[in-house]
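Text of entry06.txt, listed as compact mmCIF, C-alpha atoms:
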# COMPACT_ATOMS: atom_id res chain seq x y z
CA MET A 1 11.93 0.65 14.14
CA ILE A 2 9.05 1.29 11.76
CA ALA A 3 9.07 -1.03 8.73
CA ASP A 4 8.68 0.46 5.25
CA PHE A 5 5.47 -1.46 4.58
CA GLU A 6 3.91 0.13 7.68
CA LYS A 7 4.69 3.61 6.33
CA PHE A 8 3.11 2.81 2.97
CA HIS A 9 0.05 1.30 4.68
CA GLY A 10 -0.23 4.47 6.73
CA VAL A 11 -0.30 6.52 3.53
CA ALA A 12 -3.13 4.39 2.09
CA LEU A 13 -5.18 4.36 5.30
CA ARG A 14 -4.69 8.12 5.75
CA GLU A 15 -5.90 8.71 2.18
CA LEU A 16 -9.08 6.76 2.93
CA ILE A 17 -9.71 8.68 6.15
CA VAL A 18 -8.97 12.15 4.77
CA SER A 19 -10.89 11.59 1.51
CA SER A 20 -13.98 10.18 3.22
CA GLY A 21 -15.34 13.09 5.19
CA LYS A 22 -17.44 10.53 7.09
CA PRO A 23 -16.62 8.14 9.95
CA LEU A 24 -15.01 4.91 8.83
CA ARG A 25 -14.52 1.64 10.70
CA PHE A 26 -11.46 -0.50 9.99
CA GLU A 27 -10.92 -4.08 11.14
CA ARG A 28 -7.91 -6.22 10.45
CA ALA A 29 -8.72 -9.19 8.28
CA ALA A 30 -5.73 -11.41 9.09
CA GLN A 31 -5.22 -12.76 12.57
CA ALA A 32 -1.49 -13.44 12.42
CA GLY A 33 1.69 -12.27 10.73
CA ARG A 34 1.99 -9.05 8.79
CA ILE A 35 -1.33 -7.34 8.39
CA HIS A 36 -1.95 -6.35 4.75
CA SER A 37 -5.72 -6.80 4.63
CA TYR A 38 -8.52 -4.88 6.30
CA VAL A 39 -12.31 -4.76 6.23
CA LEU A 40 -13.76 -1.28 5.82
CA ASN A 41 -17.17 -0.52 7.35
CA GLY A 42 -17.79 -4.26 7.65
CA VAL A 43 -18.44 -4.65 3.91
CA VAL A 44 -15.38 -3.79 1.80
CA GLY A 45 -12.21 -5.86 1.83
CA ILE A 46 -9.01 -3.88 1.29
CA HIS A 47 -5.59 -5.35 0.55
CA ILE A 48 -2.64 -2.94 0.54
CA LYS A 49 0.57 -3.57 -1.39
CA HIS A 50 3.38 -1.15 -2.08
CA SER A 51 6.34 -0.63 -4.34
CA ALA A 52 9.08 1.51 -2.86
CA LYS A 53 10.45 2.43 -6.30
CA ARG A 54 10.58 6.16 -6.86
CA ILE A 55 9.79 6.10 -10.59
CA PRO A 56 7.70 3.79 -12.82
CA PRO A 57 7.16 1.04 -13.59
CA TRP A 58 5.98 -0.26 -10.24
CA GLN A 59 5.66 -4.04 -9.87
CA PHE A 60 3.43 -5.99 -7.49
CA THR A 61 3.43 -9.74 -6.87
CA PHE A 62 0.68 -11.86 -5.32
CA THR A 63 1.84 -15.32 -4.18
CA ARG A 64 -0.44 -18.36 -4.06
CA ASP A 65 -0.76 -17.93 -0.26
CA GLN A 66 -1.75 -14.28 -0.68
CA VAL A 67 -4.30 -15.24 -3.34
CA SER A 68 -5.83 -17.72 -0.85
CA GLU A 69 -5.95 -14.99 1.80
CA LEU A 70 -7.64 -12.69 -0.71
CA ALA A 71 -10.30 -15.31 -1.47
CA ARG A 72 -11.10 -15.47 2.25
CA LEU A 73 -11.18 -11.66 2.40
CA ARG A 74 -13.55 -11.52 -0.59
CA ALA A 75 -15.89 -13.95 1.17
CA GLN A 76 -16.05 -11.62 4.21
CA GLY A 77 -17.27 -8.55 2.34
CA LYS A 78 -19.39 -7.41 -0.54
CA SER A 79 -16.47 -6.08 -2.57
CA LEU A 80 -12.69 -6.34 -2.61
CA TRP A 81 -10.23 -3.60 -3.52
CA PHE A 82 -6.46 -3.53 -3.86
CA LEU A 83 -4.72 -0.31 -2.87
CA LEU A 84 -1.44 -0.33 -4.76
CA VAL A 85 0.89 2.34 -3.40
CA CYS A 86 3.25 3.42 -6.18
CA GLY A 87 6.26 4.81 -4.31
CA SER A 88 5.62 8.45 -3.44
CA ASP A 89 3.72 8.98 -6.72
CA GLY A 90 0.20 7.91 -5.77
CA ILE A 91 -2.27 5.16 -4.93
CA VAL A 92 -4.12 3.06 -7.49
CA ALA A 93 -7.37 1.41 -6.38
CA LEU A 94 -7.95 -1.79 -8.32
CA ALA A 95 -11.15 -3.86 -7.94
CA ASP A 96 -10.89 -7.63 -7.70
CA ILE A 97 -12.64 -8.06 -11.05
CA GLU A 98 -10.09 -5.74 -12.65
CA LEU A 99 -7.26 -7.80 -11.17
CA ALA A 100 -8.86 -10.97 -12.55
CA GLU A 101 -9.23 -9.30 -15.97
CA ILE A 102 -5.52 -8.51 -16.29
CA THR A 103 -4.05 -11.58 -14.56
CA GLY A 104 -6.30 -14.36 -15.82
CA ASP A 105 -6.87 -17.54 -13.84
CA ILE A 106 -5.91 -16.91 -10.22
CA ASP A 107 -5.50 -20.65 -9.60
CA LYS A 108 -2.36 -20.76 -11.75
CA GLY A 109 -0.09 -19.53 -8.97
CA THR A 110 1.74 -16.25 -8.59
CA LEU A 111 0.08 -13.15 -10.05
CA PHE A 112 2.01 -10.16 -11.38
CA VAL A 113 0.83 -6.57 -11.82
CA ARG A 114 2.83 -3.75 -13.36
CA ILE A 115 1.78 -0.12 -13.22
CA ASP A 116 3.23 2.57 -15.44
CA ARG A 117 2.54 6.27 -15.87
CA ASP A 118 3.80 9.22 -17.84
CA ARG A 119 4.01 12.64 -16.22
CA ARG A 120 0.64 14.20 -15.44
CA SER A 121 -1.31 11.23 -16.78
CA ARG A 122 -3.36 8.35 -15.45
CA TYR A 123 -1.92 4.99 -14.45
CA ARG A 124 -1.76 2.16 -16.99
CA ILE A 125 -2.13 -1.27 -15.40
CA PHE A 126 -0.78 -4.51 -16.88
CA GLY A 127 -0.94 -8.16 -15.84
CA SER A 128 0.09 -11.49 -17.28
CA ALA A 129 -3.18 -11.71 -19.24
CA GLY A 130 -3.11 -8.20 -20.66
CA GLN A 131 -3.72 -4.52 -19.97
CA LEU A 132 -6.67 -2.93 -18.20
CA THR A 133 -8.80 -1.29 -20.88
CA ALA A 134 -8.92 2.14 -19.22
CA ALA A 135 -6.17 3.99 -17.37
CA LYS A 136 -6.95 4.81 -13.75
CA PRO A 137 -6.51 7.98 -11.71
CA SER A 138 -4.71 8.17 -8.39
CA GLY A 139 -6.99 7.96 -5.38
CA VAL A 140 -9.39 5.91 -3.33
CA SER A 141 -12.78 7.41 -4.25
CA CYS A 142 -14.16 4.14 -5.70
CA VAL A 143 -13.29 2.27 -2.51
CA LEU A 144 -15.01 4.90 -0.39
CA ARG A 145 -18.12 4.88 -2.56
CA ASP A 146 -18.38 1.11 -2.15
CA ALA A 147 -17.82 1.33 1.60
CA LEU A 148 -20.37 4.09 2.16
CA VAL A 149 -23.06 2.83 -0.22
CA LEU A 150 -22.74 -0.86 0.61
CA SER A 151 -22.66 -0.30 4.37
CA SER A 152 -25.85 1.76 4.14
CA SER A 153 -27.66 -0.84 2.01
CA ALA A 154 -28.76 -2.85 5.09
CA GLY A 155 -27.48 -6.27 4.13
CA THR A 156 -28.46 -6.38 0.47
CA THR A 157 -25.85 -7.70 -1.91
CA LEU A 158 -24.75 -5.12 -4.44
CA THR A 159 -21.93 -5.08 -6.93
CA ALA A 160 -19.95 -2.02 -7.93
CA ASP A 161 -19.18 -1.12 -11.49
CA ILE A 162 -15.60 -0.34 -12.45
CA GLN A 163 -16.24 3.24 -13.50
CA CYS A 164 -17.39 3.83 -9.94
CA SER A 165 -20.40 5.89 -11.00
CA SER A 166 -22.97 3.51 -9.55
CA VAL A 167 -23.43 0.49 -7.36
CA SER A 168 -25.94 -1.86 -9.00
CA GLY A 169 -28.06 0.98 -10.32
CA VAL A 170 -27.73 3.22 -7.27
CA THR A 171 -26.16 6.47 -8.38
CA VAL A 172 -23.52 7.81 -6.04
Now, as a test, write the supplied structure out as structure tokens.
Amino acid sequence: MIADFEKFHGVALRELIVSSGKPLRFERAAQAGRIHSYVLNGVVGIHIKHSAKRIPPWQFTFTRDQVSELARLRAQGKSLWFLLVCGSDGIVALADIELAEITGDIDKGTLFVRIDRDRRSRYRIFGSAGQLTAAKPSGVSCVLRDALVLSSSAGTTLTADIQCSSVSGVTV
């Protein structure tokens, strides 16, 4: 039997593949248990979470163990993204610095994220330390830009901005 989380992961991975238009390479980041984390093109860490709720708000929880796994994942790549699958509504791509902005100190234990959205509008993202300043669209374009630009940068360390218009001065 196919578990629900596998279906939601399939949706997120399919969105990356279909939206890319270029070859992508995926590796699993965890070696045991349920696989929630991947490395894209050898440079971008991706962690997929889902909420099976049909309508907003969608809630996501990160336990202390998951936060430790995410720190290891961040150390493997040049950037880290969370793909938060909001039922059948859409996918929100959240950068690690955005998660830190809305949740505060990650060493305090369990992190909570809540995503809300009105009809035909962008997603509003909330955490225990506040709300993300700008609403986000559905999609994975920022993740793909990081993966394609960072993997072609031949080992240099670059950081992506949140608006996803450039990677350390390189316009994409």
Gap from CA of Val149 in chain A to CA of Val67 in chain A - Å, one decimal: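 Between these atoms lies a distance of 26.2 Å.
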Extract, using all atoms listed in the file, all DNA, RNA and protein residues at most 8 Å from range 51-64 of chain A, discarding same-chain residues fewer than 5 positions from it, and format them as a PyMOL selection string. chain A and resi 84-89+107+109-117
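With all atoms listed in the file as the atoms that count, the residue of A:Ile48, A:Ala100, A:Val43, A:Ala95 with the shortest distance to Gln76 in chain A is A:Val43.
Compared by their closest atoms to Val18 in chain A, and using only C-alpha atoms, the residues A:Val140, A:Val92, A:Ala75, A:Leu132 rank with A:Val140 nearest.
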To one decimal place in Å, what is the distance between CA of Arg145 in chain A and CA of Glu27 in chain A?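 That distance, rounded to one decimal, is 17.9 Å.
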How far is it from CA of Arg28 in chain A to CA of Ile2 in chain A, in Å with one decimal?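 Those two atoms sit 18.6 Å apart.
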Which residue, A:Met1, A:Leu150, A:His47, A:Ile91, has the smallest gap to Lys136 in chain A when you use all atoms listed in the file? A:Ile91
